[in-house]
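Reading through the C-alpha cells given below for one structure.
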Amino acid sequence: MTLRRGFKAEAEREAARVRKELGLASHDRLDPRDLAKHLGVSIVDAGELVDVAELEDLERLQAFAFSAATFEIEQRKIIVVSPLRNTGRQNSDIAHELAHVMLKHDLSEIREVDGMPFRTCKPDEEEEATAFGGTLLLPRPLLLSAARRQASIEQIANQYDVTVEMARFRYNTTGVAKQAMSRNS
C-alpha cells in the first residue's frame with residue numbers, strides 16, 4: 001500500500017497544529033495521553049477490564065495479538081491499551097489509535113477470525129494511522145533537530161519515549177537520515 005499523494009505533508013501540518021494547541025514546541029515530547037485528554041478520548045488499561053493473566057495467556061498463544069483498540073460507546077471514544085507493553089510501545093499504540101480518531105476512520109469493516117467477528121479499518125486507513133501516529137510523536141522538525149545534534153536512533157527513542165523501531169521508522173521515512181548524511185559529508 002502507498003499513502004495517497006500529499007498525505008505525509010498534511011500529517012506534518014496537522015501534527016504541528018495539534019502541538020501548538022497543546023502548547024508544545026516542535027521539538028518537545030508529546031505525551032499521547034495528554035493529546036487523548038485534549039481530544040476527549042478516554043484511555044483505559046486492559047488490566048482494569050480483564051484479568052492480566054488472560055492477557056498473558058493470549059500473548060503466549062500469539063505474541064502481540066493485542067496492543068490497543070478503539071471503541072465507541074455512547075458516542076464516547078475509548079482506547080483500551082495492553083498493560084503488557086512497555087511505555088514506548090504504549091505511546092505508539094495510543095498515537096496510532098488517536099490517529100484513527102483524528103482522521104475520522106470508520107470501524108465498519110468486519111473480518112472473521114475463527115468464527116469471531118472483529119471490526120476494523122480498511123488497510124489504507126491502517127497505513128494512514130501508522131504514518132500519522134508516528135508523525136504526532138516524532139514530527140519532521142523534531143527529527144531534524146535531533147539529527148543536527150547527532151542524536152542516535154536509541155537516544156531519540158529514549159528522549160521522546162517511543163520504541164527504537166518507531167524512531168528508526170520515522171527517521172528513515174521522513175528523509176531526515178539522508179539529509180543528515182548530506183550535511184555531514
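All residue names refer to the C-alpha cells as shown: chains lettered A, B, ... in order, residues numbered from 1 in each chain, ligands numbered from 1 in order.
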* Leaving out Pro139 (chain A) and any residue of its chain fewer than 5 positions from it, which residues lie within 9 Å of it when counting only C-alpha atoms, given as a VMD selection string? -> chain A and resid 11 to 12 15 to 16 26 to 27 134 144 170 174
Write the residues of the preceding selection, restricted to N, CA, C and O atoms, as a compact mmCIF listing (two decimals), in the first residue's frame.
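Output file result.txt follows:
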```txt
# COMPACT_ATOMS: atom_id res chain seq x y z
N ALA A 11 -0.18 15.36 7.26
CA ALA A 11 0.06 14.83 8.59
C ALA A 11 1.03 15.73 9.36
O ALA A 11 0.81 16.00 10.56
N GLU A 12 2.07 16.20 8.71
CA GLU A 12 3.03 17.09 9.37
C GLU A 12 2.35 18.40 9.79
O GLU A 12 2.57 18.89 10.90
N ALA A 15 0.02 17.65 12.74
CA ALA A 15 0.81 17.42 13.96
C ALA A 15 1.30 18.75 14.53
O ALA A 15 1.27 18.96 15.75
N ALA A 16 1.74 19.66 13.66
CA ALA A 16 2.20 20.99 14.12
C ALA A 16 1.03 21.76 14.74
O ALA A 16 1.20 22.41 15.78
N SER A 26 7.90 22.34 18.45
CA SER A 26 8.05 21.22 17.51
C SER A 26 9.03 20.17 18.02
O SER A 26 8.93 19.01 17.65
N HIS A 27 9.96 20.54 18.89
CA HIS A 27 10.95 19.58 19.40
C HIS A 27 10.61 19.03 20.79
O HIS A 27 11.36 18.25 21.34
N GLY A 134 2.86 8.13 14.02
CA GLY A 134 4.31 8.38 14.11
C GLY A 134 4.65 9.85 13.96
O GLY A 134 5.53 10.37 14.64
N LEU A 144 14.71 16.56 12.61
CA LEU A 144 15.81 17.38 12.08
C LEU A 144 16.64 17.96 13.20
O LEU A 144 17.88 17.97 13.12
N ARG A 170 10.45 6.53 11.61
CA ARG A 170 10.24 7.95 11.30
C ARG A 170 11.51 8.60 10.76
O ARG A 170 11.47 9.38 9.82
N THR A 174 11.13 9.93 6.76
CA THR A 174 10.98 11.38 6.58
C THR A 174 12.07 11.97 5.69
O THR A 174 11.98 13.14 5.33
```
* Please identify all polymer residues within 12 Å of Leu55 (chain A), counting only C-alpha atoms, omitting same-chain residues fewer than 6 positions from it, and present them as a ChimeraX atom specification. => /A:45-49,61-68,81-85
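When only C-alpha atoms are used to measure the gap to Asp31 (chain A), the shortest distance among A:Ala157, A:Ala95, A:Ile78, A:Ala69 belongs to A:Ala95.
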* **Residue with smallest distance to Val162 (chain A) - pool A:His100, A:Arg4, A:Arg29, A:Arg140, counting only C-alpha atoms** => A:Arg29
* To do: Apply DSSP to the structure's backbone, then extract all residues of region 86-170 of chain A labelled alpha helix (DSSP H) and return them as a PyMOL selection string.
  => chain A and resi 87-102+123-137+140-148+153-160+164-170
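Of the residues listed (A:Leu107, A:Ala180, A:Leu143, A:Lys122), A:Leu143 shows the shortest atom-to-atom separation from Arg168 (chain A); distances use only C-alpha atoms.
The shell of residues at most 10 Å from Ile79 (chain A), with only C-alpha atoms counted and near chain neighbours (fewer than 5 positions) removed, consists of Ala36, Val41, Ser42, Ile43, Val44, Asp45, Ala46, Ala68, Ala69, Thr70, Phe71, Glu72, Asp93, Ile94, Glu97, Leu98 and Val101 of chain A.
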Dump as an mmCIF file, in the first residue's frame, selection limited to N, CA, C and O atoms:
```
data_model
loop_
_atom_site.group_PDB
_atom_site.id
_atom_site.type_symbol
_atom_site.label_atom_id
_atom_site.label_comp_id
_atom_site.auth_asym_id
_atom_site.auth_seq_id
_atom_site.Cartn_x
_atom_site.Cartn_y
_atom_site.Cartn_z
ATOM 1 N N ALA A 36 -4.899 12.658 24.075
ATOM 2 C CA ALA A 36 -6.194 11.980 24.232
ATOM 3 C C ALA A 36 -7.127 12.820 25.101
ATOM 4 O O ALA A 36 -8.297 13.031 24.748
ATOM 5 N N VAL A 41 -10.835 11.838 24.511
ATOM 6 C CA VAL A 41 -10.772 10.384 24.352
ATOM 7 C C VAL A 41 -10.245 9.782 25.651
ATOM 8 O O VAL A 41 -9.233 10.240 26.183
ATOM 9 N N SER A 42 -10.936 8.774 26.153
ATOM 10 C CA SER A 42 -10.501 8.103 27.383
ATOM 11 C C SER A 42 -9.496 7.007 27.056
ATOM 12 O O SER A 42 -9.623 6.328 26.041
ATOM 13 N N ILE A 43 -8.527 6.834 27.943
ATOM 14 C CA ILE A 43 -7.555 5.742 27.834
ATOM 15 C C ILE A 43 -7.820 4.811 29.008
ATOM 16 O O ILE A 43 -7.848 5.243 30.164
ATOM 17 N N VAL A 44 -8.003 3.526 28.700
ATOM 18 C CA VAL A 44 -8.272 2.532 29.736
ATOM 19 C C VAL A 44 -7.242 1.411 29.608
ATOM 20 O O VAL A 44 -7.003 0.898 28.508
ATOM 21 N N ASP A 45 -6.650 1.039 30.708
ATOM 22 C CA ASP A 45 -5.729 -0.092 30.752
ATOM 23 C C ASP A 45 -6.559 -1.377 30.687
ATOM 24 O O ASP A 45 -7.499 -1.551 31.473
ATOM 25 N N ALA A 46 -6.227 -2.264 29.755
ATOM 26 C CA ALA A 46 -6.984 -3.516 29.599
ATOM 27 C C ALA A 46 -6.988 -4.333 30.888
ATOM 28 O O ALA A 46 -7.916 -5.095 31.134
ATOM 29 N N ALA A 68 -3.654 -2.462 21.414
ATOM 30 C CA ALA A 68 -4.601 -1.386 21.704
ATOM 31 C C ALA A 68 -5.759 -1.465 20.724
ATOM 32 O O ALA A 68 -5.615 -2.009 19.626
ATOM 33 N N ALA A 69 -6.878 -0.925 21.130
ATOM 34 C CA ALA A 69 -8.056 -0.876 20.266
ATOM 35 C C ALA A 69 -8.920 0.309 20.678
ATOM 36 O O ALA A 69 -8.922 0.711 21.851
ATOM 37 N N THR A 70 -9.644 0.850 19.712
ATOM 38 C CA THR A 70 -10.552 1.969 19.975
ATOM 39 C C THR A 70 -11.987 1.479 19.910
ATOM 40 O O THR A 70 -12.352 0.733 19.005
ATOM 41 N N PHE A 71 -12.769 1.915 20.878
ATOM 42 C CA PHE A 71 -14.189 1.592 20.937
ATOM 43 C C PHE A 71 -14.973 2.885 21.021
ATOM 44 O O PHE A 71 -14.503 3.873 21.590
ATOM 45 N N GLU A 72 -16.176 2.854 20.465
ATOM 46 C CA GLU A 72 -17.090 3.980 20.639
ATOM 47 C C GLU A 72 -18.285 3.458 21.417
ATOM 48 O O GLU A 72 -18.999 2.569 20.966
ATOM 49 N N ASP A 93 1.133 2.884 20.261
ATOM 50 C CA ASP A 93 -0.200 2.298 20.081
ATOM 51 C C ASP A 93 -1.291 3.342 20.294
ATOM 52 O O ASP A 93 -2.253 3.418 19.523
ATOM 53 N N ILE A 94 -1.149 4.156 21.339
ATOM 54 C CA ILE A 94 -2.149 5.184 21.620
ATOM 55 C C ILE A 94 -2.155 6.226 20.504
ATOM 56 O O ILE A 94 -3.222 6.642 20.029
ATOM 57 N N GLU A 97 -3.993 4.822 17.544
ATOM 58 C CA GLU A 97 -5.440 4.826 17.747
ATOM 59 C C GLU A 97 -5.998 6.251 17.695
ATOM 60 O O GLU A 97 -7.072 6.487 17.127
ATOM 61 N N LEU A 98 -5.279 7.220 18.256
ATOM 62 C CA LEU A 98 -5.714 8.616 18.177
ATOM 63 C C LEU A 98 -5.718 9.099 16.733
ATOM 64 O O LEU A 98 -6.582 9.895 16.336
ATOM 65 N N VAL A 101 -8.895 8.188 15.219
ATOM 66 C CA VAL A 101 -9.953 9.094 15.688
ATOM 67 C C VAL A 101 -9.857 10.436 14.952
ATOM 68 O O VAL A 101 -10.858 10.941 14.429
#
```
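CA of Asp28 (chain A) to CA of Lys104 (chain A) spans 25.7 Å [interatomic distance, one decimal].
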* Picked from region 25-172 of chain A by DSSP as strand (DSSP E or B), as number ranges by chain -> A: 42-45, 68-73, 76-81, 109-113, 116-120
* Find the residues near Asp161 (chain A): any atom within 12 Å, counting only C-alpha atoms, skip ones fewer than 4 places away on the same chain, and give them as a PyMOL selection string. => chain A and resi 28-32+86-92+137-138+153-157+165-167
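When only C-alpha atoms are used to compute distances to Gln150 (chain A), the closest of the residues A:Leu58, A:Val176, A:Gln75, A:His105 turns out to be A:Val176.
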